[in-house]
file input07.pdb (PDB, C-alpha atoms)
ATOM      1  CA  MET A  14     -54.917  39.977 102.111
ATOM      2  CA  SER A  15     -55.197  42.124  98.980
ATOM      3  CA  ASP A  16     -51.941  43.196  97.390
ATOM      4  CA  THR A  17     -52.616  46.868  97.833
ATOM      5  CA  VAL A  18     -49.924  48.949  99.466
ATOM      6  CA  THR A  19     -50.207  52.619 100.366
ATOM      7  CA  ILE A  20     -46.952  53.322  98.583
ATOM      8  CA  GLU A  21     -47.197  57.118  98.755
ATOM      9  CA  LYS A  22     -46.172  57.366 102.402
ATOM     10  CA  PHE A  23     -42.929  55.551 101.618
ATOM     11  CA  LEU A  24     -41.971  57.845  98.740
ATOM     12  CA  SER A  25     -39.752  60.831  99.452
ATOM     13  CA  LYS A  26     -41.186  64.317  99.154
ATOM     14  CA  ASP A  27     -37.680  65.780  99.039
ATOM     15  CA  GLY A  28     -36.836  66.984  95.537
ATOM     16  CA  LYS A  29     -33.278  65.701  95.992
ATOM     17  CA  GLN A  30     -34.641  62.196  96.336
ATOM     18  CA  ALA A  31     -37.194  62.332  93.521
ATOM     19  CA  PRO A  32     -36.202  58.896  92.153
ATOM     20  CA  PHE A  33     -37.851  57.356  95.238
ATOM     21  CA  SER A  34     -41.120  58.111  93.443
ATOM     22  CA  GLN A  35     -40.038  55.582  90.795
ATOM     23  CA  PHE A  36     -38.318  52.872  92.873
ATOM     24  CA  ASN A  37     -38.251  51.490  96.395
ATOM     25  CA  VAL A  38     -37.532  48.207  98.168
ATOM     26  CA  PHE A  39     -39.119  46.680 101.289
ATOM     27  CA  GLU A  40     -39.091  43.666 103.582
ATOM     28  CA  SER A  41     -42.417  41.832 103.525
ATOM     29  CA  GLU A  42     -42.423  41.475 107.323
ATOM     30  CA  ALA A  43     -42.858  45.234 107.595
ATOM     31  CA  PHE A  44     -46.410  44.794 106.309
ATOM     32  CA  CYS A  45     -47.454  41.935 108.575
ATOM     33  CA  ASN A  46     -50.985  42.350 109.962
ATOM     34  CA  LYS A  47     -51.379  45.761 108.313
ATOM     35  CA  PRO A  48     -54.063  46.707 105.794
ATOM     36  CA  MET A  49     -52.472  47.283 102.406
ATOM     37  CA  SER A  50     -53.907  49.500  99.684
ATOM     38  CA  TYR A  51     -52.145  49.559  96.333
ATOM     39  CA  SER A  52     -53.490  52.850  94.963
ATOM     40  CA  ARG A  53     -50.655  53.564  92.541
ATOM     41  CA  ARG A  54     -51.508  52.429  89.014
ATOM     42  CA  ASP A  55     -48.022  52.808  87.584
ATOM     43  CA  PHE A  56     -45.913  50.493  89.768
ATOM     44  CA  TYR A  57     -44.593  47.111  88.749
ATOM     45  CA  LYS A  58     -43.518  44.787  91.520
ATOM     46  CA  ILE A  59     -41.132  41.862  92.013
ATOM     47  CA  THR A  60     -41.641  39.828  95.192
ATOM     48  CA  LEU A  61     -39.389  37.173  96.695
ATOM     49  CA  LEU A  62     -41.818  34.969  98.647
ATOM     50  CA  LEU A  63     -40.208  32.925 101.417
ATOM     51  CA  CYS A  64     -43.359  31.756 103.188
ATOM     52  CA  LYS A  65     -46.284  29.535 102.240
ATOM     53  CA  SER A  66     -48.919  31.668 100.553
ATOM     54  CA  ARG A  67     -51.615  31.797  97.910
ATOM     55  CA  VAL A  68     -52.005  34.100  94.908
ATOM     56  CA  LEU A  69     -55.495  34.575  93.450
ATOM     57  CA  TYR A  70     -56.267  35.991  90.018
ATOM     58  CA  ALA A  71     -59.621  36.488  88.301
ATOM     59  CA  ASP A  72     -60.623  32.869  87.723
ATOM     60  CA  LYS A  73     -57.604  30.921  88.959
ATOM     61  CA  GLY A  74     -55.104  30.773  91.790
ATOM     62  CA  ILE A  75     -51.882  29.103  92.828
ATOM     63  CA  ASP A  76     -50.665  27.758  96.156
ATOM     64  CA  ILE A  77     -47.037  28.677  96.804
ATOM     65  CA  ASP A  78     -45.534  26.060  99.099
ATOM     66  CA  GLY A  79     -41.886  26.992  98.571
ATOM     67  CA  PRO A  80     -39.672  29.986  97.786
ATOM     68  CA  ALA A  81     -40.823  31.775  94.640
ATOM     69  CA  LEU A  82     -40.541  34.946  92.579
ATOM     70  CA  LEU A  83     -43.791  36.762  91.793
ATOM     71  CA  PHE A  84     -43.988  39.418  89.063
ATOM     72  CA  SER A  85     -46.916  41.834  89.445
ATOM     73  CA  ASN A  86     -48.317  44.000  86.673
ATOM     74  CA  PRO A  87     -50.221  47.112  87.867
ATOM     75  CA  MET A  88     -52.910  46.483  85.262
ATOM     76  CA  ILE A  89     -53.603  42.884  86.340
ATOM     77  CA  PRO A  90     -55.278  42.824  89.779
ATOM     78  CA  TYR A  91     -54.691  39.930  92.152
ATOM     79  CA  ALA A  92     -54.860  39.065  95.839
ATOM     80  CA  TRP A  93     -52.176  37.545  98.036
ATOM     81  CA  GLU A  94     -52.858  35.497 101.172
ATOM     82  CA  ALA A  95     -50.220  34.347 103.656
ATOM     83  CA  LEU A  96     -50.650  30.754 104.823
ATOM     84  CA  GLU A  97     -48.071  31.145 107.615
ATOM     85  CA  PRO A  98     -47.924  33.630 110.513
ATOM     86  CA  ILE A  99     -44.464  34.884 109.486
ATOM     87  CA  HIS A 100     -44.581  36.738 106.157
ATOM     88  CA  SER A 101     -40.898  36.618 105.299
ATOM     89  CA  GLY A 102     -39.564  37.884 101.996
ATOM     90  CA  TYR A 103     -38.761  41.033 100.054
ATOM     91  CA  PHE A 104     -40.258  43.110  97.276
ATOM     92  CA  CYS A 105     -39.284  46.066  95.141
ATOM     93  CA  ILE A 106     -41.573  48.424  93.244
ATOM     94  CA  PHE A 107     -40.671  50.484  90.200
ATOM     95  CA  THR A 108     -42.203  52.336  87.278
ATOM     96  CA  GLU A 109     -41.705  51.706  83.601
ATOM     97  CA  ASP A 110     -39.980  55.099  83.375
ATOM     98  CA  PHE A 111     -37.440  53.915  85.943
ATOM     99  CA  ILE A 112     -36.494  50.992  83.708
ATOM    100  CA  LYS A 113     -36.532  53.113  80.544
ATOM    101  CA  ALA A 114     -34.136  55.597  82.140
ATOM    102  CA  GLY A 115     -31.426  52.976  81.577
ATOM    103  CA  SER A 116     -30.350  51.464  78.299
ATOM    104  CA  ARG A 117     -33.420  49.157  78.099
ATOM    105  CA  ASN A 118     -36.045  51.256  76.330
ATOM    106  CA  GLU A 119     -38.658  48.517  76.424
ATOM    107  CA  ASN A 120     -42.369  48.282  77.072
ATOM    108  CA  LEU A 121     -42.784  46.216  80.255
ATOM    109  CA  GLN A 122     -46.340  45.296  79.239
ATOM    110  CA  GLU A 123     -44.783  43.303  76.386
ATOM    111  CA  SER A 124     -42.210  41.572  78.584
ATOM    112  CA  PRO A 125     -42.595  37.768  78.903
ATOM    113  CA  LEU A 126     -42.824  38.340  82.670
ATOM    114  CA  TYR A 127     -45.507  41.033  82.654
ATOM    115  CA  LYS A 128     -47.543  40.663  79.480
ATOM    116  CA  ILE A 129     -51.183  39.638  79.676
ATOM    117  CA  GLY A 130     -51.581  35.887  79.891
ATOM    118  CA  ALA A 131     -48.067  35.309  81.228
ATOM    119  CA  ASN A 132     -47.406  32.968  84.156
ATOM    120  CA  PRO A 133     -45.771  35.284  86.702
ATOM    121  CA  VAL A 134     -44.796  32.759  89.416
ATOM    122  CA  PHE A 135     -41.362  31.087  89.393
ATOM    123  CA  PHE A 136     -40.362  28.530  92.036
ATOM    124  CA  LEU A 137     -36.750  28.727  93.192
ATOM    125  CA  THR A 138     -34.029  26.288  94.199
ATOM    126  CA  ASP A 139     -32.019  26.889  97.383
ATOM    127  CA  GLY A 140     -29.178  28.294  95.316
ATOM    128  CA  GLN A 141     -31.483  30.673  93.450
ATOM    129  CA  VAL A 142     -33.033  31.848  96.725
ATOM    130  CA  LYS A 143     -29.608  32.744  98.151
ATOM    131  CA  PHE A 144     -28.647  34.616  94.993
ATOM    132  CA  ILE A 145     -31.917  36.589  94.683
ATOM    133  CA  GLU A 146     -31.918  37.347  98.413
ATOM    134  CA  SER A 147     -28.375  38.724  98.094
ATOM    135  CA  ILE A 148     -29.592  41.069  95.332
ATOM    136  CA  TYR A 149     -32.343  42.435  97.571
ATOM    137  CA  LYS A 150     -29.846  42.989 100.385
ATOM    138  CA  LYS A 151     -27.645  44.947  97.985
ATOM    139  CA  MET A 152     -30.679  47.052  97.052
ATOM    140  CA  PHE A 153     -31.197  47.941 100.727
ATOM    141  CA  GLU A 154     -27.545  48.941 101.055
ATOM    142  CA  GLU A 155     -27.516  51.080  97.930
ATOM    143  CA  ILE A 156     -30.780  52.915  98.494
ATOM    144  CA  LYS A 157     -29.467  54.259 101.807
ATOM    145  CA  ASN A 158     -26.168  55.670 100.553
ATOM    146  CA  ASP A 159     -25.283  58.880  98.723
ATOM    147  CA  TYR A 160     -23.582  57.363  95.691
ATOM    148  CA  ILE A 161     -24.416  59.653  92.766
ATOM    149  CA  TYR A 162     -25.187  56.749  90.421
ATOM    150  CA  LYS A 163     -27.025  54.563  92.916
ATOM    151  CA  TYR A 164     -30.244  54.480  90.875
ATOM    152  CA  ASP A 165     -28.346  53.178  87.872
ATOM    153  CA  LEU A 166     -27.004  50.449  90.117
ATOM    154  CA  LEU A 167     -30.470  49.701  91.545
ATOM    155  CA  ARG A 168     -31.827  49.512  88.009
ATOM    156  CA  ASN A 169     -29.124  46.982  87.193
ATOM    157  CA  TYR A 170     -30.117  44.875  90.206
ATOM    158  CA  VAL A 171     -33.747  44.844  88.984
ATOM    159  CA  ASN A 172     -32.576  43.761  85.543
ATOM    160  CA  VAL A 173     -30.465  40.970  87.072
ATOM    161  CA  ILE A 174     -33.556  39.545  88.794
ATOM    162  CA  ILE A 175     -35.570  39.861  85.582
ATOM    163  CA  HIS A 176     -32.910  38.006  83.589
ATOM    164  CA  GLU A 177     -32.636  35.279  86.225
ATOM    165  CA  ALA A 178     -36.386  34.714  85.934
ATOM    166  CA  LEU A 179     -36.249  34.669  82.136
ATOM    167  CA  LYS A 180     -33.871  31.691  82.417
ATOM    168  CA  MET A 181     -36.441  29.756  84.468
ATOM    169  CA  GLN A 182     -39.644  27.933  83.558
ATOM    170  CA  PRO A 183     -42.738  29.607  85.067
ATOM    171  CA  ASN A 184     -45.134  27.567  87.149
ATOM    172  CA  THR A 185     -48.330  26.405  85.440
ATOM    173  CA  ASN A 186     -49.986  24.495  88.289
ATOM    174  CA  TYR A 187     -52.997  26.777  88.815
ATOM    175  CA  PHE A 188     -56.331  25.834  90.343
ATOM    176  CA  LYS A 189     -59.780  27.133  89.402
ATOM    177  CA  HIS A 190     -61.888  29.216  91.787
ATOM    178  CA  HIS A 191     -65.128  27.774  93.099
ATOM    179  CA  ASN A 192     -66.654  31.286  93.221
ATOM    180  CA  ALA A 193     -65.176  32.405  89.913
ATOM    181  CA  SER A 194     -68.074  34.686  88.894
ATOM    182  CA  GLU A 195     -67.973  36.672  92.117
ATOM    183  CA  ARG A 196     -64.205  37.014  91.935
ATOM    184  CA  ILE A 197     -64.151  38.011  88.257
ATOM    185  CA  ALA A 198     -66.810  40.665  88.828
ATOM    186  CA  SER A 199     -64.965  42.019  91.861
ATOM    187  CA  LEU A 200     -61.669  42.243  90.003
ATOM    188  CA  PHE A 201     -63.352  43.866  87.011
ATOM    189  CA  ILE A 202     -64.733  46.621  89.271
ATOM    190  CA  GLU A 203     -61.319  47.009  90.925
ATOM    191  CA  LEU A 204     -59.559  47.240  87.569
ATOM    192  CA  LEU A 205     -62.124  49.771  86.335
ATOM    193  CA  ASP A 206     -61.736  51.913  89.462
ATOM    194  CA  ARG A 207     -57.930  51.822  89.210
ATOM    195  CA  GLN A 208     -58.096  53.979  86.106
ATOM    196  CA  PHE A 209     -59.696  56.874  87.973
ATOM    197  CA  PRO A 210     -59.417  59.680  88.763
ATOM    198  CA  VAL A 211     -57.795  60.740  85.494
ATOM    199  CA  ASP A 212     -54.579  62.556  86.356
ATOM    200  CA  SER A 213     -53.610  64.273  83.129
ATOM    201  CA  PRO A 214     -55.170  65.267  79.801
ATOM    202  CA  LYS A 215     -52.132  63.699  78.128
ATOM    203  CA  ALA A 216     -52.704  60.171  79.499
ATOM    204  CA  ALA A 217     -55.587  58.349  77.819
ATOM    205  CA  LEU A 218     -57.475  55.469  79.439
ATOM    206  CA  LYS A 219     -55.911  52.139  78.514
ATOM    207  CA  LEU A 220     -58.955  49.989  79.181
ATOM    208  CA  LYS A 221     -62.091  51.185  77.395
ATOM    209  CA  THR A 222     -64.009  48.098  76.289
ATOM    210  CA  ALA A 223     -65.124  44.757  77.692
ATOM    211  CA  ASN A 224     -62.507  43.087  75.494
ATOM    212  CA  ASP A 225     -59.770  45.241  77.047
ATOM    213  CA  PHE A 226     -60.777  44.205  80.559
ATOM    214  CA  ALA A 227     -61.174  40.548  79.623
ATOM    215  CA  ALA A 228     -57.657  40.495  78.185
ATOM    216  CA  ASN A 229     -56.177  41.987  81.367
ATOM    217  CA  LEU A 230     -58.053  39.473  83.501
ATOM    218  CA  SER A 231     -57.042  36.606  81.192
ATOM    219  CA  VAL A 232     -60.637  35.451  80.733
ATOM    220  CA  HIS A 233     -62.859  35.220  77.659
ATOM    221  CA  VAL A 234     -64.988  38.316  77.151
ATOM    222  CA  ASN A 235     -68.202  36.239  77.241
ATOM    223  CA  HIS A 236     -67.134  34.783  80.594
ATOM    224  CA  LEU A 237     -66.472  38.289  81.904
ATOM    225  CA  ASN A 238     -69.809  39.640  80.685
ATOM    226  CA  SER A 239     -71.701  36.711  82.160
ATOM    227  CA  ALA A 240     -69.979  36.994  85.553
ATOM    228  CA  VAL A 241     -70.447  40.771  85.826
ATOM    229  CA  ARG A 242     -74.133  40.606  84.879
ATOM    230  CA  LYS A 243     -74.757  37.676  87.238
ATOM    231  CA  ILE A 244     -73.173  39.388  90.263
ATOM    232  CA  THR A 245     -74.018  43.079  89.682
ATOM    233  CA  GLY A 246     -77.137  42.984  87.526
ATOM    234  CA  LYS A 247     -75.479  45.319  85.008
ATOM    235  CA  THR A 248     -73.540  44.638  81.849
ATOM    236  CA  THR A 249     -69.812  45.227  81.616
ATOM    237  CA  THR A 250     -70.406  47.983  79.072
ATOM    238  CA  THR A 251     -72.893  49.722  81.387
ATOM    239  CA  HIS A 252     -70.356  49.797  84.222
ATOM    240  CA  ILE A 253     -67.675  51.228  81.921
ATOM    241  CA  SER A 254     -70.017  53.860  80.453
ATOM    242  CA  GLU A 255     -71.285  54.994  83.858
ATOM    243  CA  ARG A 256     -67.757  55.321  85.225
ATOM    244  CA  ILE A 257     -66.604  57.317  82.199
ATOM    245  CA  ILE A 258     -69.633  59.631  82.418
ATOM    246  CA  ASN A 259     -69.028  60.250  86.141
ATOM    247  CA  GLU A 260     -65.404  61.089  85.448
ATOM    248  CA  ALA A 261     -66.366  63.306  82.496
ATOM    249  CA  ARG A 262     -68.734  65.308  84.721
ATOM    250  CA  ALA A 263     -66.014  65.738  87.341
ATOM    251  CA  LEU A 264     -63.476  66.905  84.751
ATOM    252  CA  LEU A 265     -65.940  69.327  83.149
ATOM    253  CA  LEU A 266     -66.873  70.881  86.488
ATOM    254  CA  ASN A 267     -63.537  70.803  88.334
ATOM    255  CA  THR A 268     -60.804  71.344  85.734
ATOM    256  CA  ASP A 269     -59.974  73.910  83.080
ATOM    257  CA  TRP A 270     -59.237  71.226  80.478
ATOM    258  CA  ASN A 271     -60.960  71.869  77.169
ATOM    259  CA  VAL A 272     -63.415  69.331  75.781
ATOM    260  CA  SER A 273     -60.829  67.917  73.377
ATOM    261  CA  GLU A 274     -58.422  67.239  76.246
ATOM    262  CA  ILE A 275     -61.150  65.590  78.317
ATOM    263  CA  ALA A 276     -62.221  63.482  75.355
ATOM    264  CA  TYR A 277     -58.670  62.249  74.751
ATOM    265  CA  SER A 278     -58.040  61.511  78.441
ATOM    266  CA  LEU A 279     -61.177  59.345  78.516
ATOM    267  CA  GLY A 280     -60.081  57.315  75.513
ATOM    268  CA  PHE A 281     -61.993  59.012  72.683
ATOM    269  CA  GLU A 282     -60.027  59.484  69.480
ATOM    270  CA  TYR A 283     -62.078  62.511  68.402
ATOM    271  CA  PRO A 284     -64.029  65.109  70.439
ATOM    272  CA  THR A 285     -67.085  64.451  68.247
ATOM    273  CA  TYR A 286     -67.199  60.833  69.464
ATOM    274  CA  PHE A 287     -67.056  62.041  73.069
ATOM    275  CA  ASN A 288     -69.776  64.659  72.508
ATOM    276  CA  ASN A 289     -72.098  62.088  70.941
ATOM    277  CA  PHE A 290     -71.415  59.541  73.691
ATOM    278  CA  PHE A 291     -71.946  62.084  76.479
ATOM    279  CA  LYS A 292     -75.200  63.404  75.005
ATOM    280  CA  LYS A 293     -76.534  59.892  74.415
ATOM    281  CA  GLN A 294     -75.822  58.919  78.038
ATOM    282  CA  THR A 295     -76.952  62.146  79.765
ATOM    283  CA  GLY A 296     -79.152  64.086  77.348
ATOM    284  CA  TYR A 297     -76.803  67.064  77.566
ATOM    285  CA  THR A 298     -73.717  68.231  75.704
ATOM    286  CA  PRO A 299     -70.396  68.518  77.577
ATOM    287  CA  LEU A 300     -70.322  72.299  77.124
ATOM    288  CA  SER A 301     -73.832  72.732  78.507
ATOM    289  CA  VAL A 302     -72.817  70.846  81.653
ATOM    290  CA  ARG A 303     -69.725  73.012  82.062
ATOM    291  CA  LYS A 304     -71.770  76.218  81.650
TER     292      LYS A 304
END
call {"tool": "encode", "arguments": {"input": "input07.pdb", "output": "structure tokens"}}
result
Amino acid sequence: MSDTVTIEKFLSKDGKQAPFSQFNVFESEAFCNKPMSYSRRDFYKITLLLCKSRVLYADKGIDIDGPALLFSNPMIPYAWEALEPIHSGYFCIFTEDFIKAGSRNENLQESPLYKIGANPVFFLTDGQVKFIESIYKKMFEEIKNDYIYKYDLLRNYVNVIIHEALKMQPNTNYFKHHNASERIASLFIELLDRQFPVDSPKAALKLKTANDFAANLSVHVNHLNSAVRKITGKTTTTHISERIINEARALLLNTDWNVSEIAYSLGFEYPTYFNNFFKKQTGYTPLSVRK
């Protein structure tokens, strides 16, 4: 089962409950036997796993045969498979802005729990399970009430779990995939697609080169290039260029953003670089396509 949850339907549309768009908490059983699509690119996730399961990354995986905490970065794709019929546990989702709204003005991508290359799985003792589970139960209680500062309290609960994990030693007992090339190529395409459509001219693409993608998948760039070419017949750079060109066409034809805004949103430092890239790929200038 892929860890992709259609989060939007759980987020409040009521302006009075706008913080729900930045935080929510769930029981894992609620998603048993349901397809899950994780379309939001801005959510971090902390999961308390209480059943036997397996987590698969680009070229490695880990079997979880006991209670564990799993920290999920929205820019590092993975898949989760339950190895038991009962998917017990809890998880909360939150944005970086939700955390920054408190006193911790930190970049979660640089956190020891979420940074690229980190080991995000922590096995728990019975005592740690009881404590973490009690935190999740408090989250459920608080999110339902009308306490004016409840999101500050929920933020504190998230930070408590983070600090508990920082005290622990992460698991390092990973296994290698037998079909690593196929999996790496699939996750590369998923990670590429996650960046689109571009939502705002103020938010530039974070992953623009093969090196960027390799770092997020925790594989060497040569390994990534080899796997993508072997499975798809195209180079990593070709996939990235084609996706950027398709998005550029859509933005030119369907938005009123100027060329400079489109260039920045697609990761180009200067409009001239974007114009040259677009013309080289298509034979046309951006303005000629718009007209």
call {"tool": "resolve_selection", "arguments": {"input": "input07.pdb", "expression": "the PyMOL selection byres ((chain A and resi 202-217) around 6)", "output": "ChimeraX atom specification"}}
result
/A:199-201,218,274,277-280
call {"tool": "residues_around", "arguments": {"input": "input07.pdb", "residues": "stretch 227-230 of chain A", "least_positions_apart": "2", "cutoff": "7 Å", "atoms": "all atoms listed in the file", "output": "VMD selection string"}}
result
chain A and resid 71 88 to 89 129 223 to 225 232 to 234 237
call {"tool": "closest_atom_pairs", "arguments": {"input": "input07.pdb", "of": "stretch 58-132 of chain A", "to": "stretch 141-147 of chain A", "cutoff": "8 Å", "atoms": "only C-alpha atoms", "output": "tab-separated table"}}
result
residue	atom	partner	partner_atom	distance
A:Leu61	CA	A:Glu146	CA	7.7
A:Pro80	CA	A:Val142	CA	7.0
A:Tyr103	CA	A:Glu146	CA	7.9
call {"tool": "atom_distance", "arguments": {"input": "input07.pdb", "atom1": "atom CA of A:Ser101", "atom2": "atom CA of A:Asp78"}}
result
13.1 Å
call {"tool": "residues_around", "arguments": {"input": "input07.pdb", "residues": "A:Gly102", "least_positions_apart": "2", "cutoff": "7 Å", "atoms": "all atoms listed in the file", "output": "ChimeraX atom specification"}}
result
/A:40-41,61-63,100
call {"tool": "resolve_selection", "arguments": {"input": "input07.pdb", "expression": "the PyMOL selection byres ((chain A and resi 168-181) around 7)", "output": "PDB file with C-alpha atoms, in the frame of the given file"}}
result
ATOM      1  CA  ILE A 112     -36.494  50.992  83.708  1.00  0.00           C
ATOM      2  CA  ILE A 145     -31.917  36.589  94.683  1.00  0.00           C
ATOM      3  CA  ILE A 148     -29.592  41.069  95.332  1.00  0.00           C
ATOM      4  CA  TYR A 164     -30.244  54.480  90.875  1.00  0.00           C
ATOM      5  CA  ASP A 165     -28.346  53.178  87.872  1.00  0.00           C
ATOM      6  CA  LEU A 166     -27.004  50.449  90.117  1.00  0.00           C
ATOM      7  CA  LEU A 167     -30.470  49.701  91.545  1.00  0.00           C
ATOM      8  CA  GLN A 182     -39.644  27.933  83.558  1.00  0.00           C
ATOM      9  CA  PRO A 183     -42.738  29.607  85.067  1.00  0.00           C
TER      10      PRO A 183
END
call {"tool": "closest_residue", "arguments": {"input": "input07.pdb", "among": "A:Ser254, A:Asn238, A:Thr245, A:Asn37", "to": "A:Met152", "atoms": "only C-alpha atoms"}}
result
A:Asn37
call {"tool": "resolve_selection", "arguments": {"input": "input07.pdb", "expression": "the PyMOL selection byres ((chain A and resi 241-243) around 8)", "output": "list in words"}}
result
Ser194, Glu195, Ile197, Ala198, Phe201, Leu237, Asn238, Ser239, Ala240, Ile244, Thr245, Gly246, Lys247, Thr248 and Thr249 of chain A
call {"tool": "residues_around", "arguments": {"input": "input07.pdb", "residues": "A:Ser85", "least_positions_apart": "6", "cutoff": "8 Å", "atoms": "all atoms listed in the file", "output": "compact mmCIF listing (two decimals) with C-alpha atoms, in the coordinates of the input"}}
result
# COMPACT_ATOMS: atom_id res chain seq x y z
CA TYR A 57 -44.59 47.11 88.75
CA LYS A 58 -43.52 44.79 91.52
CA ILE A 59 -41.13 41.86 92.01
CA TYR A 127 -45.51 41.03 82.65
CA PRO A 133 -45.77 35.28 86.70
call {"tool": "atom_distance", "arguments": {"input": "input07.pdb", "atom1": "atom CA of A:Ala81", "atom2": "atom CA of A:Val134"}}
result
6.6 Å
call {"tool": "axis_aligned_box", "arguments": {"input": "input07.pdb", "around": "stretch 156-169 of chain A", "padding_each_side": "8 Å", "output": "JSON"}}
result
{"center_x": -27.7, "center_y": 53.3, "center_z": 94.5, "size_x": 24.2, "size_y": 28.7, "size_z": 30.6}
call {"tool": "residues_around", "arguments": {"input": "input07.pdb", "residues": "A:Lys304", "least_positions_apart": "2", "cutoff": "10 Å", "atoms": "all atoms listed in the file", "output": "list in words"}}
result
Leu265, Leu266, Pro299, Leu300, Ser301 and Val302 of chain A
call {"tool": "closest_residue", "arguments": {"input": "input07.pdb", "among": "A:Thr60, A:Asn267, A:Asn192, A:Ser66", "to": "A:Val38", "atoms": "all atoms listed in the file"}}
result
A:Thr60
call {"tool": "atom_distance", "arguments": {"input": "input07.pdb", "atom1": "atom CA of A:Ile156", "atom2": "atom CA of A:Leu126"}}
result
24.7 Å
